[in-house]
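Colleague: File target.txt follows (compact mmCIF, C-alpha atoms):
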```
# COMPACT_ATOMS: atom_id res chain seq x y z
CA MET A 1 0.00 0.00 0.00
CA LYS A 2 2.88 2.37 0.78
CA LYS A 3 4.36 1.79 -2.68
CA ILE A 4 1.05 2.63 -4.37
CA THR A 5 0.69 5.81 -2.29
CA ALA A 6 4.28 6.86 -3.03
CA LEU A 7 3.84 6.11 -6.74
CA THR A 8 0.56 8.05 -6.90
CA PHE A 9 2.13 11.01 -5.11
CA GLY A 10 5.16 10.91 -7.44
CA LEU A 11 2.94 10.86 -10.53
CA PHE A 12 0.92 13.78 -9.17
CA ILE A 13 4.08 15.86 -8.69
CA ALA A 14 5.41 14.97 -12.16
CA VAL A 15 2.13 15.72 -13.92
CA SER A 16 1.68 19.07 -12.19
CA ALA A 17 5.24 20.08 -13.12
CA PHE A 18 4.74 19.37 -16.83
CA CYS A 19 1.14 20.52 -17.22
CA GLN A 20 1.51 24.18 -16.38
CA SER A 21 -0.49 26.28 -18.78
CA GLU A 22 0.88 29.35 -20.47
CA LEU A 23 0.51 32.62 -18.60
CA SER A 24 -1.86 35.37 -19.72
CA LEU A 25 -0.80 38.95 -20.47
CA ASN A 26 -2.70 42.22 -20.27
CA VAL A 27 -2.12 45.91 -20.93
CA CYS A 28 -3.08 47.86 -17.84
CA GLY A 29 -5.70 45.23 -16.97
CA ASN A 30 -7.11 44.96 -20.52
CA SER A 31 -6.90 41.57 -22.21
CA ASP A 32 -9.44 41.93 -25.03
CA LYS A 33 -10.13 45.57 -25.97
CA ILE A 34 -8.55 48.84 -25.04
CA ALA A 35 -9.50 52.44 -25.70
CA PHE A 36 -6.64 54.32 -27.34
CA SER A 37 -6.97 57.10 -24.75
CA LYS A 38 -6.23 54.55 -22.03
CA LEU A 39 -3.31 53.13 -24.01
CA GLU A 40 -1.82 56.62 -24.29
CA ASN A 41 -1.82 56.97 -20.51
CA CYS A 42 -0.82 53.44 -19.51
CA HIS A 43 1.90 51.56 -21.41
CA SER A 44 2.48 48.67 -19.02
CA ILE A 45 2.45 45.01 -20.13
CA ASN A 46 1.63 42.76 -17.17
CA VAL A 47 1.13 39.10 -16.39
CA THR A 48 -2.38 38.37 -15.13
CA GLU A 49 -1.12 35.81 -12.61
CA ASP A 50 0.71 37.08 -9.50
CA GLY A 51 4.44 36.56 -9.03
CA TYR A 52 5.54 37.07 -12.65
CA LYS A 53 7.11 39.97 -14.56
CA VAL A 54 7.59 40.77 -18.24
CA PHE A 55 11.12 41.61 -19.38
CA GLY A 56 10.81 42.15 -23.11
CA PHE A 57 8.25 41.36 -25.79
CA LYS A 58 7.38 41.91 -29.44
CA VAL A 59 4.52 44.22 -30.43
CA SER A 60 3.19 44.26 -33.97
CA TYR A 61 0.26 45.66 -35.93
CA VAL A 62 -1.07 45.66 -39.48
CA HIS A 63 -1.68 48.94 -41.30
CA GLY A 64 -1.51 50.55 -44.72
CA ASN A 65 -4.08 51.43 -47.34
CA LYS A 66 -4.71 47.77 -48.10
CA GLY A 67 -3.87 46.45 -44.64
CA ASP A 68 -0.75 44.89 -46.08
CA THR A 69 2.03 46.44 -44.01
CA ILE A 70 3.19 44.83 -40.78
CA THR A 71 5.20 46.84 -38.28
CA GLU A 72 7.07 45.08 -35.48
CA HIS A 73 8.98 46.38 -32.50
CA LYS A 74 11.05 44.31 -30.08
CA LEU A 75 11.07 45.97 -26.68
CA GLU A 76 13.42 45.16 -23.82
CA ASN A 77 11.28 46.03 -20.81
CA SER A 78 7.63 45.76 -19.77
CA GLU A 79 6.24 48.90 -21.41
CA LEU A 80 5.25 50.20 -24.80
CA THR A 81 7.49 53.13 -25.72
CA ASP A 82 6.26 56.61 -26.64
CA GLU A 83 7.49 55.95 -30.20
CA VAL A 84 5.24 52.87 -30.51
CA ILE A 85 2.26 54.76 -29.08
CA LYS A 86 2.82 57.60 -31.59
CA GLU A 87 2.94 55.10 -34.48
CA ILE A 88 -0.24 53.42 -33.29
CA ALA A 89 -1.89 56.86 -33.15
CA ALA A 90 -0.73 57.62 -36.69
CA TYR A 91 -1.59 54.26 -38.29
CA LYS A 92 -4.72 53.48 -36.22
CA PRO A 93 -4.49 49.68 -36.50
CA LYS A 94 -7.57 47.70 -35.54
CA LYS A 95 -5.53 45.25 -33.45
CA ILE A 96 -2.17 45.14 -31.77
CA TYR A 97 -0.38 41.86 -31.12
CA ILE A 98 1.90 41.29 -28.15
CA GLU A 99 3.93 38.11 -28.50
CA ASN A 100 7.14 36.37 -27.48
CA ALA A 101 7.10 37.90 -24.02
CA ASN A 102 10.04 37.11 -21.76
CA VAL A 103 8.26 36.25 -18.51
CA ILE A 104 10.09 35.30 -15.31
CA ASP A 105 8.94 34.38 -11.84
CA VAL A 106 10.39 35.55 -8.52
CA THR A 107 13.11 32.87 -8.68
CA GLY A 108 14.23 34.05 -12.14
CA GLU A 109 12.84 31.01 -13.97
CA ALA A 110 11.52 31.72 -17.47
CA HIS A 111 7.93 30.90 -18.41
CA ALA A 112 5.86 30.90 -21.59
CA SER A 113 2.96 33.28 -22.11
CA LYS A 114 0.05 33.30 -24.50
CA PRO A 115 0.07 35.93 -27.25
CA LEU A 116 -2.16 38.91 -26.46
CA ILE A 117 -4.35 40.34 -29.21
CA LEU A 118 -5.95 43.67 -28.31
CA THR A 119 -8.66 45.39 -30.32
CA VAL A 120 -8.01 49.14 -30.20
CA GLU A 121 -11.00 51.50 -29.99
CA TYR A 122 -10.41 55.06 -31.20
```
Will you turn the file into structure tokens for me?
Modeller:
Amino acid sequence: MKKITALTFGLFIAVSAFCQSELSLNVCGNSDKIAFSKLENCHSINVTEDGYKVFGFKVSYVHGNKGDTITEHKLENSELTDEVIKEIAAYKPKKIYIENANVIDVTGEAHASKPLILTVEY
């Protein structure tokens, strides 16, 4: 009986270690839509779950007369820069994509995050 209990406990630990889901991101608490006026005032990319921080990510958006131009920026911290905000204001993309975020926990261990797709309301 002790072997079965130990085996069950060991399997539980192994499964929980390998079945962690990807973390969710948000921009100032928004994970679906964001008003551009709010985006202008709050540039912070956060992890929804506690105990994690973003240290770099890629932001991209589609624009152009035919919606055929993709602009990408790789940022090294947890915030959209003023330059990116100005470009978003100029191009007025319908959606912005935040991907490839470098997320770490309090111990410094890296974790995966889901891409964040935000609809921008002007």
Colleague: Extract, using all atoms listed in the file, all DNA, RNA and protein residues at most 7 Å from A:Ile70, discarding same-chain residues fewer than 2 positions from it, and format them as a list in words.
Modeller: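 The neighbour list is Ser60, Tyr61, Val62, His63, Asp68 and Glu72 of chain A.
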Colleague: For A:Ile98, list every protein, DNA or RNA residue within 9 Å, evaluated using all atoms listed in the file, and leave out those in the same chain fewer than 5 positions away; present the list as a PyMOL selection string.
Modeller: chain A and resi 25+45+57-60+114-118
Colleague: Restricting the calculation to all atoms listed in the file: of A:Val106, A:Ser44, A:Asn65, A:Gly51, which residue gets closest to A:Asn77?
Modeller: A:Ser44
Colleague: What separation in Å, quoted to one decimal, exists between atom CA of A:Ile96 and atom CA of A:His111?
Modeller: 22.0 Å
Colleague: What is the distance, in Å and to one decimal place, between atom CA of A:Asn46 and atom CA of A:Glu76?
Modeller: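 Atom-to-atom, atom CA of A:Asn46 to atom CA of A:Glu76, that is 13.7 Å.
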Colleague: Return the single residue from A:Leu75, A:Lys66, A:Asn102, A:Val27 that is closest to A:Val54, with distances computed using all atoms listed in the file.
Modeller: A:Asn102
Colleague: Residues within 12 Å of A:Ile34, please, as a list in words. Count all atoms listed in the file; anything in the same chain fewer than 6 positions from it doesn't count.
Modeller: Asn26, Val27, Cys28, Glu40, Asn41, Cys42, His43, Lys94, Lys95, Ile96, Leu116, Ile117, Leu118, Thr119, Val120, Glu121 and Tyr122 of chain A
Colleague: Write out, as an mmCIF file, in the coordinates of the input, the residues just selected, with C-alpha atoms.
Modeller:
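Okay, out.cif is ready:
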```
data_model
loop_
_atom_site.group_PDB
_atom_site.id
_atom_site.type_symbol
_atom_site.label_atom_id
_atom_site.label_comp_id
_atom_site.auth_asym_id
_atom_site.auth_seq_id
_atom_site.Cartn_x
_atom_site.Cartn_y
_atom_site.Cartn_z
ATOM 1 C CA ASN A 26 -2.700 42.220 -20.270
ATOM 2 C CA VAL A 27 -2.120 45.910 -20.930
ATOM 3 C CA CYS A 28 -3.080 47.860 -17.840
ATOM 4 C CA GLU A 40 -1.820 56.620 -24.290
ATOM 5 C CA ASN A 41 -1.820 56.970 -20.510
ATOM 6 C CA CYS A 42 -0.820 53.440 -19.510
ATOM 7 C CA HIS A 43 1.900 51.560 -21.410
ATOM 8 C CA LYS A 94 -7.570 47.700 -35.540
ATOM 9 C CA LYS A 95 -5.530 45.250 -33.450
ATOM 10 C CA ILE A 96 -2.170 45.140 -31.770
ATOM 11 C CA LEU A 116 -2.160 38.910 -26.460
ATOM 12 C CA ILE A 117 -4.350 40.340 -29.210
ATOM 13 C CA LEU A 118 -5.950 43.670 -28.310
ATOM 14 C CA THR A 119 -8.660 45.390 -30.320
ATOM 15 C CA VAL A 120 -8.010 49.140 -30.200
ATOM 16 C CA GLU A 121 -11.000 51.500 -29.990
ATOM 17 C CA TYR A 122 -10.410 55.060 -31.200
#
```
Colleague: If you measure from atom CA of A:Ser31 to atom CA of A:Ile88, what distance in Å do you get, rounded to one decimal?
Modeller: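 So the two atoms, atom CA of A:Ser31 and atom CA of A:Ile88, lie 17.5 Å apart.
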Colleague: Which residue gives the smallest distance to A:Leu80 among A:Val103, A:Ala112, A:Leu23, A:Leu39, with only C-alpha atoms counted?
Modeller: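 Distance minimum relative to A:Leu80 lands on A:Leu39.
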Colleague: Could you tell me which of A:Ser24, A:Lys38, A:Thr48, A:Phe55 comes closest to A:Gly108 if we count all atoms listed in the file?
Modeller: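 Answer, going by the shortest atom-to-atom distance: A:Phe55.
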Colleague: Restricting the calculation to only C-alpha atoms: of A:Asp32, A:Glu87, A:Glu22, A:Glu109, which residue gets closest to A:Val47?
Modeller: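 Ranked by minimum distance to A:Val47, first place goes to A:Glu22.
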Colleague: Between A:Ala89, A:Phe36, A:Ala101, A:Ala110, which one has atoms that come closest to A:Gly56, using all atoms listed in the file?
Modeller: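 Between A:Ala89, A:Phe36, A:Ala101, A:Ala110, the residue approaching A:Gly56 most closely is A:Ala101.
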